[in-house]
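This is model_29.cif (mmCIF, C-alpha atoms).
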```
data_structure
loop_
_atom_site.label_atom_id
_atom_site.label_comp_id
_atom_site.auth_asym_id
_atom_site.auth_seq_id
_atom_site.Cartn_x
_atom_site.Cartn_y
_atom_site.Cartn_z
CA MET A 767 -30.71 -9.78 -19.07
CA THR A 768 -30.79 -7.08 -16.43
CA ASP A 769 -28.16 -6.89 -13.71
CA LEU A 770 -30.70 -7.99 -11.09
CA ALA A 771 -31.80 -10.94 -13.20
CA ALA A 772 -28.16 -11.94 -13.66
CA ARG A 773 -27.51 -11.70 -9.92
CA ALA A 774 -30.61 -13.78 -9.24
CA GLN A 775 -29.42 -16.46 -11.65
CA THR A 776 -26.03 -16.46 -9.93
CA LEU A 777 -27.70 -16.91 -6.55
CA LEU A 778 -29.92 -19.68 -7.91
CA ASP A 779 -26.90 -21.46 -9.40
CA LEU A 780 -25.13 -21.27 -6.04
CA HIS A 781 -28.07 -23.08 -4.44
CA ARG A 782 -28.08 -25.75 -7.13
CA ALA A 783 -24.34 -26.40 -6.92
CA PRO A 784 -23.18 -29.50 -5.04
CA GLU A 785 -21.24 -27.30 -2.61
CA LEU A 786 -23.08 -25.94 0.42
CA LEU A 787 -23.86 -22.23 0.15
CA VAL A 788 -22.85 -20.65 3.46
CA LEU A 789 -24.34 -17.24 4.23
CA ALA A 790 -23.11 -15.25 7.23
CA ASN A 791 -25.98 -12.80 7.67
CA ALA A 792 -25.16 -9.08 7.65
CA TRP A 793 -27.40 -6.44 9.20
CA ASP A 794 -25.92 -3.14 7.98
CA VAL A 795 -23.44 -1.80 5.43
CA VAL A 796 -20.28 -2.22 7.49
CA SER A 797 -21.13 -5.80 8.49
CA ALA A 798 -22.02 -6.63 4.87
CA ARG A 799 -18.69 -5.27 3.64
CA ALA A 800 -16.82 -7.19 6.34
CA VAL A 801 -18.54 -10.45 5.36
CA ALA A 802 -18.13 -9.81 1.62
CA ALA A 803 -14.38 -9.32 2.10
CA VAL A 804 -13.92 -12.85 3.46
CA GLU A 805 -12.50 -15.18 0.84
CA GLY A 806 -15.14 -17.70 -0.24
CA THR A 807 -18.15 -15.48 0.44
CA ARG A 808 -20.43 -15.79 -2.57
CA ALA A 809 -23.62 -14.00 -1.46
CA ILE A 810 -25.00 -11.86 1.35
CA ALA A 811 -28.11 -12.58 3.41
CA THR A 812 -29.87 -10.06 5.62
CA PRO A 813 -31.68 -11.07 8.83
CA SER A 814 -35.01 -9.51 9.71
CA HIS A 815 -34.18 -9.88 13.40
CA GLY A 816 -30.78 -8.25 13.04
CA ILE A 817 -32.00 -5.27 11.03
CA ALA A 818 -34.93 -4.73 13.37
CA ALA A 819 -32.62 -4.85 16.39
CA THR A 820 -30.29 -2.33 14.76
CA PHE A 821 -33.10 0.21 14.84
CA GLY A 822 -34.45 -0.79 18.25
CA TYR A 823 -37.41 -2.89 17.09
CA GLU A 824 -38.47 -6.40 18.05
CA ASP A 825 -38.53 -9.07 15.37
CA GLY A 826 -41.82 -10.08 13.75
CA GLU A 827 -42.55 -7.29 11.25
CA GLN A 828 -42.36 -4.66 14.00
CA ILE A 829 -39.85 -2.58 12.05
CA PRO A 830 -41.59 -0.44 9.39
CA LEU A 831 -41.17 -2.03 5.97
CA ASP A 832 -39.84 1.22 4.48
CA LEU A 833 -37.04 1.31 7.04
CA HIS A 834 -36.31 -2.38 6.60
CA LEU A 835 -36.11 -2.01 2.81
CA ASP A 836 -33.95 1.08 3.09
CA MET A 837 -31.28 -0.90 4.93
CA VAL A 838 -31.50 -3.75 2.41
CA ALA A 839 -31.06 -1.24 -0.42
CA ARG A 840 -28.01 0.25 1.28
CA ILE A 841 -26.47 -3.20 1.69
CA ALA A 842 -27.23 -4.22 -1.90
CA SER A 843 -25.63 -1.01 -3.17
CA ALA A 844 -22.53 -1.49 -1.03
CA VAL A 845 -21.55 -4.98 -2.21
CA SER A 846 -21.13 -6.62 -5.61
CA LEU A 847 -22.54 -9.97 -4.47
CA PRO A 848 -26.14 -11.20 -4.74
CA VAL A 849 -28.24 -10.20 -1.73
CA THR A 850 -31.14 -12.17 -0.31
CA MET A 851 -33.53 -10.56 2.19
CA ASP A 852 -35.58 -12.03 5.01
CA PHE A 853 -38.97 -10.37 4.53
CA GLU A 854 -40.64 -12.50 7.20
CA ALA A 855 -44.27 -13.32 6.32
CA GLY A 856 -44.43 -10.67 3.59
CA TYR A 857 -45.81 -7.77 5.64
CA GLY A 858 -49.38 -8.60 4.72
CA ASP A 859 -48.76 -8.68 0.96
CA PRO A 860 -46.06 -11.16 -0.12
CA GLY A 861 -46.32 -10.20 -3.78
CA GLU A 862 -45.94 -6.47 -3.23
CA THR A 863 -43.19 -6.99 -0.65
CA THR A 864 -41.30 -9.18 -3.11
CA ARG A 865 -41.63 -6.48 -5.77
CA ARG A 866 -40.30 -3.86 -3.37
CA ALA A 867 -37.47 -6.12 -2.21
CA ILE A 868 -36.37 -6.54 -5.82
CA ALA A 869 -36.57 -2.78 -6.34
CA ALA A 870 -34.27 -2.44 -3.32
CA GLY A 871 -31.74 -4.76 -4.96
CA ALA A 872 -32.56 -8.13 -3.38
CA VAL A 873 -32.57 -11.16 -5.68
CA GLY A 874 -33.79 -13.67 -3.13
CA GLY A 875 -35.98 -13.69 -0.06
CA ASN A 876 -37.20 -15.73 2.89
CA LEU A 877 -40.97 -16.04 3.24
CA GLU A 878 -42.24 -17.70 6.41
CA ASP A 879 -45.56 -19.48 6.74
CA GLY A 880 -46.20 -18.94 10.46
CA LEU A 881 -48.02 -22.29 10.31
CA LYS A 882 -50.99 -20.60 8.68
CA PRO A 883 -53.38 -22.93 6.81
CA LEU A 884 -51.45 -24.64 4.04
CA GLU A 885 -53.65 -23.31 1.24
CA GLU A 886 -53.03 -19.76 2.41
CA SER A 887 -49.30 -20.37 2.72
CA VAL A 888 -49.08 -21.87 -0.77
CA ALA A 889 -50.93 -18.85 -2.16
CA ALA A 890 -48.35 -16.56 -0.52
CA VAL A 891 -45.50 -18.47 -2.16
CA GLU A 892 -47.24 -18.27 -5.52
CA ALA A 893 -47.82 -14.53 -5.13
CA SER A 894 -44.16 -13.93 -4.38
CA LEU A 895 -42.97 -15.99 -7.33
CA ARG A 896 -45.46 -14.28 -9.65
CA ALA A 897 -44.30 -10.84 -8.51
CA ALA A 898 -40.69 -11.78 -9.22
CA ARG A 899 -41.55 -12.93 -12.75
CA ASP A 900 -43.54 -9.74 -13.36
CA ALA A 901 -40.54 -7.72 -12.20
CA GLY A 902 -38.32 -9.42 -14.78
CA VAL A 903 -36.41 -11.52 -12.24
CA PRO A 904 -37.71 -15.06 -12.85
CA GLY A 905 -34.69 -16.56 -11.09
CA PHE A 906 -35.55 -14.84 -7.80
CA VAL A 907 -34.57 -17.32 -5.09
CA LEU A 908 -37.60 -17.61 -2.87
CA ASN A 909 -36.61 -19.50 0.26
CA ALA A 910 -40.02 -20.76 1.37
CA ARG A 911 -39.87 -21.20 5.12
CA THR A 912 -42.00 -23.46 7.23
CA ASP A 913 -42.36 -22.84 10.95
CA ALA A 914 -43.24 -26.46 11.63
CA PHE A 915 -40.32 -26.71 14.07
CA THR A 916 -40.29 -23.15 15.43
CA LYS A 917 -44.02 -23.16 16.24
CA ALA A 918 -44.55 -26.82 17.06
CA PRO A 919 -46.99 -27.26 19.96
CA GLN A 920 -45.29 -28.05 23.24
CA GLY A 921 -45.01 -31.78 23.74
CA GLN A 922 -45.74 -32.65 20.11
CA ASP A 923 -44.15 -35.87 18.90
CA PRO A 924 -41.00 -34.91 16.91
CA ALA A 925 -42.09 -37.35 14.22
CA ASP A 926 -45.29 -35.36 13.73
CA THR A 927 -43.31 -32.10 13.59
CA LEU A 928 -41.06 -33.56 10.92
CA ALA A 929 -44.02 -34.88 8.93
CA GLU A 930 -45.68 -31.46 8.96
CA ALA A 931 -42.46 -29.81 7.80
CA VAL A 932 -42.18 -32.27 4.92
CA ARG A 933 -45.84 -31.81 3.95
CA ARG A 934 -45.49 -28.05 3.78
CA CYS A 935 -42.12 -28.05 2.04
CA LYS A 936 -43.38 -30.42 -0.65
CA ALA A 937 -46.32 -28.09 -1.30
CA TYR A 938 -44.02 -25.06 -1.69
CA LEU A 939 -41.66 -26.93 -4.01
CA GLU A 940 -44.58 -28.12 -6.12
CA VAL A 941 -45.68 -24.55 -6.88
CA GLY A 942 -42.18 -23.46 -7.86
CA ALA A 943 -40.21 -22.44 -4.77
CA PRO A 944 -36.59 -23.34 -5.61
CA VAL A 945 -35.60 -24.02 -2.00
CA VAL A 946 -37.32 -24.56 1.34
CA PHE A 947 -36.20 -23.37 4.76
CA VAL A 948 -36.72 -25.40 7.93
CA PRO A 949 -35.33 -23.44 10.90
CA ARG A 950 -34.58 -25.35 14.11
CA ALA A 951 -34.29 -28.65 12.28
CA ALA A 952 -30.88 -29.36 13.79
CA ARG A 953 -30.76 -33.05 14.72
CA ARG A 954 -28.93 -35.25 12.25
CA GLU A 955 -31.86 -37.63 11.84
CA HIS A 956 -34.18 -34.74 11.02
CA VAL A 957 -31.79 -33.28 8.45
CA GLU A 958 -31.31 -36.68 6.87
CA ALA A 959 -35.08 -37.23 6.70
CA LEU A 960 -35.71 -33.81 5.16
CA VAL A 961 -33.14 -34.38 2.42
CA SER A 962 -34.42 -37.91 1.84
CA GLU A 963 -38.03 -36.74 1.49
CA LEU A 964 -37.43 -33.48 -0.40
CA GLY A 965 -34.25 -34.13 -2.36
CA ARG A 966 -30.67 -32.95 -2.29
CA GLY A 967 -30.00 -29.30 -3.00
CA VAL A 968 -33.34 -27.86 -1.87
CA VAL A 969 -33.23 -27.83 1.94
CA THR A 970 -31.89 -24.74 3.70
CA LEU A 971 -31.08 -24.50 7.40
CA ILE A 972 -29.87 -22.04 10.02
CA SER A 973 -26.71 -22.54 12.05
CA ILE A 974 -27.58 -22.50 15.76
CA PRO A 975 -24.69 -22.12 18.23
CA GLY A 976 -24.23 -25.29 20.21
CA ALA A 977 -26.93 -27.21 18.35
CA SER A 978 -26.32 -27.43 14.60
CA LEU A 979 -24.09 -29.85 12.74
CA PRO A 980 -20.88 -28.44 11.23
CA ALA A 981 -21.21 -26.96 7.75
CA ARG A 982 -19.02 -29.66 6.20
CA GLU A 983 -21.33 -32.38 7.51
CA LEU A 984 -24.45 -30.60 6.25
CA GLU A 985 -22.84 -30.36 2.82
CA ALA A 986 -22.19 -34.09 2.83
CA LEU A 987 -25.83 -34.71 3.76
CA GLY A 988 -27.05 -32.76 0.74
CA VAL A 989 -28.20 -29.49 2.33
CA ALA A 990 -28.29 -26.60 -0.16
CA ARG A 991 -27.69 -23.61 2.09
CA LEU A 992 -26.73 -22.69 5.63
CA SER A 993 -27.40 -19.19 6.96
CA THR A 994 -26.91 -17.63 10.38
CA GLY A 995 -29.98 -15.44 11.00
CA PRO A 996 -29.44 -13.20 14.03
CA PHE A 997 -26.54 -15.24 15.37
CA THR A 998 -23.70 -13.43 13.55
CA GLN A 999 -24.95 -10.17 15.04
CA ARG A 1000 -24.96 -11.86 18.44
CA VAL A 1001 -21.38 -13.01 17.87
CA ALA A 1002 -20.40 -9.38 17.19
CA LEU A 1003 -22.33 -8.06 20.18
CA THR A 1004 -20.83 -10.73 22.43
CA ALA A 1005 -17.35 -9.63 21.38
CA LEU A 1006 -18.28 -5.99 22.02
CA GLN A 1007 -19.69 -6.71 25.46
CA ASP A 1008 -16.73 -8.90 26.41
CA ALA A 1009 -14.26 -6.22 25.28
CA THR A 1010 -16.13 -3.61 27.29
CA ALA A 1011 -16.05 -5.83 30.37
CA GLU A 1012 -12.31 -6.37 29.94
CA LEU A 1013 -11.69 -2.62 29.74
CA LEU A 1014 -13.85 -1.91 32.78
CA ALA A 1015 -11.91 -4.57 34.65
CA GLY A 1016 -8.70 -2.66 33.97
CA GLY A 1017 -7.57 -4.49 30.84
CA VAL A 1018 -7.08 -3.63 27.18
CA LEU A 1019 -8.89 -4.13 23.90
CA PRO A 1020 -8.21 -7.43 22.08
CA PRO A 1021 -4.72 -7.17 20.49
CA GLY A 1022 -5.83 -8.98 17.35
CA THR A 1023 -8.46 -6.36 16.46
CA ARG A 1024 -8.36 -5.56 12.74
CA ALA A 1025 -9.21 -2.29 10.96
CA LEU A 1026 -12.28 -3.50 9.07
CA ASN A 1027 -13.98 -0.14 8.75
#
```
Once more with this new file: its structure as structure tokens, please.
Amino acid sequence: MTDLAARAQTLLDLHRAPELLVLANAWDVVSARAVAAVEGTRAIATPSHGIAATFGYEDGEQIPLDLHLDMVARIASAVSLPVTMDFEAGYGDPGETTRRAIAAGAVGGNLEDGLKPLEESVAAVEASLRAARDAGVPGFVLNARTDAFTKAPQGQDPADTLAEAVRRCKAYLEVGAPVVFVPRAARREHVEALVSELGRGVVTLISIPGASLPARELEALGVARLSTGPFTQRVALTALQDATAELLAGGVLPPGTRALN
């Protein structure tokens, strides 16, 4: 078994374990090393938004794929933990992007559906999974994302949004996706319904400041994974901006600052 295949299996096992897999997303080498050094960290996730912002691009596949993959490769080389990449909608070719992500050292990836027709979205999931098998990494953890909540029409009945999320997630699971991602599903009743309809250990969510349930409660509900998307970068940038404001106001840098680089 190759090193990448072994890392992929480790990442897959972490999703299948009864404990919630918590991923604090890292957007560059120094943030990845800082996260990896925290006791209990078992894998690293990269955010498309965070990496794009690092280079001055908007989210939504605006950053060139070569540049995006270069940063993922640097992160994967800098840590000994499994790395999963957010490759958005696959940059026009989910299979080829999956192959290139694996070549960069990623052993998992988020693939969003953008609420495209379900048949097209299922085909994208299948292409990604097929590319991973062809690359010798059958345990690649494809986190098949539905944008049922993020792109729900304004005023749509929440029950209809939930039903569409379930419909799409079931289709992705049926063709082999090991886990399914439902961003912005934050209300307890929605999380409970997703787990009830799809099963324990397959639903992944994003932690939204001020909106999401605590990690310990999501674990008890049967959620497989909780990531942070762009929000950990925003936490860091908030601290930076606040420290700058304190200095400009005549103060000092935070006394508890640690030498993490």
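Minimum atom-to-atom distances from A:Ala929, A:Ala914, A:Leu877, A:Ala790 to Arg1000 (chain A) were compared using all atoms listed in the file, and the lowest value belongs to A:Ala790.
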Among the residues A:Val849, A:Val873, A:Leu979, A:Leu777, the one that comes closest to Arg899 (chain A) [using all atoms listed in the file]: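 Checking each candidate against Arg899 (chain A), we get A:Val873 as the closest.
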Find the residues around region 892-898 of chain A up to 6 Å (all atoms listed in the file counted), leave out those fewer than 6 positions away in its own chain, and share them as a short mmCIF file (atom, residue, chain, number, x, y, z; two decimals) with C-alpha atoms, keeping the file's coordinate frame.
```cif
data_model
loop_
_atom_site.label_atom_id
_atom_site.label_comp_id
_atom_site.auth_asym_id
_atom_site.auth_seq_id
_atom_site.Cartn_x
_atom_site.Cartn_y
_atom_site.Cartn_z
CA PRO A 860 -46.06 -11.16 -0.12
CA GLY A 861 -46.32 -10.20 -3.78
CA THR A 864 -41.30 -9.18 -3.11
CA ARG A 865 -41.63 -6.48 -5.77
CA PRO A 904 -37.71 -15.06 -12.85
#
```
Quick one: which residues end up in the PyMOL selection byres ((chain A and resi 830-838) around 7) for this structure, as a list in words?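 After applying the PyMOL selection byres ((chain A and resi 830-838) around 7), what remains is Asp794, Ile817, Gln828, Ile829, Ala839, Arg840, Ile841, Ala842, Ala867 and Ala870 of chain A.
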Once the PyMOL selection byres ((chain A and resi 906) around 10) is applied to the coordinates I shared, what remains selected? I want it as a ChimeraX atom specification. /A:770-778,850,864,868,872-875,894-895,897-899,901-905,907-909,943-944
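Across the structure, CA of Arg953 (chain A) and CA of Arg966 (chain A) are spaced 17.0 Å apart.
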With all atoms listed in the file as the atoms that count, which of A:Leu786, A:Ala937, A:Ile972, A:Gly967 lies nearest to Ala951 (chain A)?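 With all atoms listed in the file as the atom set, the closest residue is A:Ile972.
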Got a sec to check which residues sit within 6 Å of (-37.7, -9.2, 5.3), counting all atoms listed in the file, and write them as a list of chain:residue names?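 The answer, in the requested form, is A:Ser814, A:Met851, A:Asp852, A:Phe853, A:Glu854.
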List the spatial neighbours of Ala800 (chain A) as a PDB file with C-alpha atoms, in the frame of the given file - criterion: any atom at most 9 Å away, only C-alpha atoms, same-chain residues fewer than 5 positions off excluded.
```pdb
ATOM      1  CA  ALA A 792     -25.160  -9.080   7.650  1.00  0.00           C
ATOM      2  CA  VAL A 795     -23.440  -1.800   5.430  1.00  0.00           C
ATOM      3  CA  LEU A1026     -12.280  -3.500   9.070  1.00  0.00           C
ATOM      4  CA  ASN A1027     -13.980  -0.140   8.750  1.00  0.00           C
TER       5      ASN A1027
END
```
Can you work out which one of A:Ala952, A:Leu987, A:Ala925, A:Val946 has the shortest atom-to-atom distance to Ala910 (chain A), counting all atoms listed in the file? A:Val946
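The shortest atom-to-atom distance to Pro813 (chain A), with all atoms listed in the file taken into account, belongs to A:Thr998 out of A:Thr998, A:Glu955, A:Ala1015, A:Leu1003.
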Calculated over only C-alpha atoms, which of the candidates A:Leu1019, A:Ala802, A:Phe997, A:Arg991 has the smallest distance to Leu787 (chain A)? A:Arg991
Quick one: distance from CA of Ala890 (chain A) to CA of Gly826 (chain A) in Å, one decimal? 17.0 Å
Can you tell me, as a ChimeraX atom specification, what residues are no more than 8 Å from Arg950 (chain A) when counting all atoms listed in the file, ignoring any on the same chain fewer than 4 positions away? /A:915-916,971-972,974
Kindly extract all protein, DNA and RNA residues lying within 12 Å of the coordinates (-20.4, -10.6, 6.3) given in the file, considering all atoms listed in the file, and supply them as a ChimeraX atom specification. /A:788-813,841,844-845,847,849,993-995,997-999,1001-1002,1026
The PyMOL selection byres ((chain A and resi 958) around 12) resolved against shown file, as a list in words: Leu928, Val932, Ala951, Ala952, Arg953, Arg954, Glu955, His956, Val957, Ala959, Leu960, Val961, Ser962, Glu963, Leu964, Gly965, Arg966, Val969, Leu979, Glu983, Leu984, Glu985, Ala986, Leu987, Gly988 and Val989 of chain A
Give me, please, the distance in Å between CA of Thr768 (chain A) and CA of Glu862 (chain A), quoted to one decimal.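 CA of Glu862 (chain A) lies 20.1 Å from CA of Thr768 (chain A).
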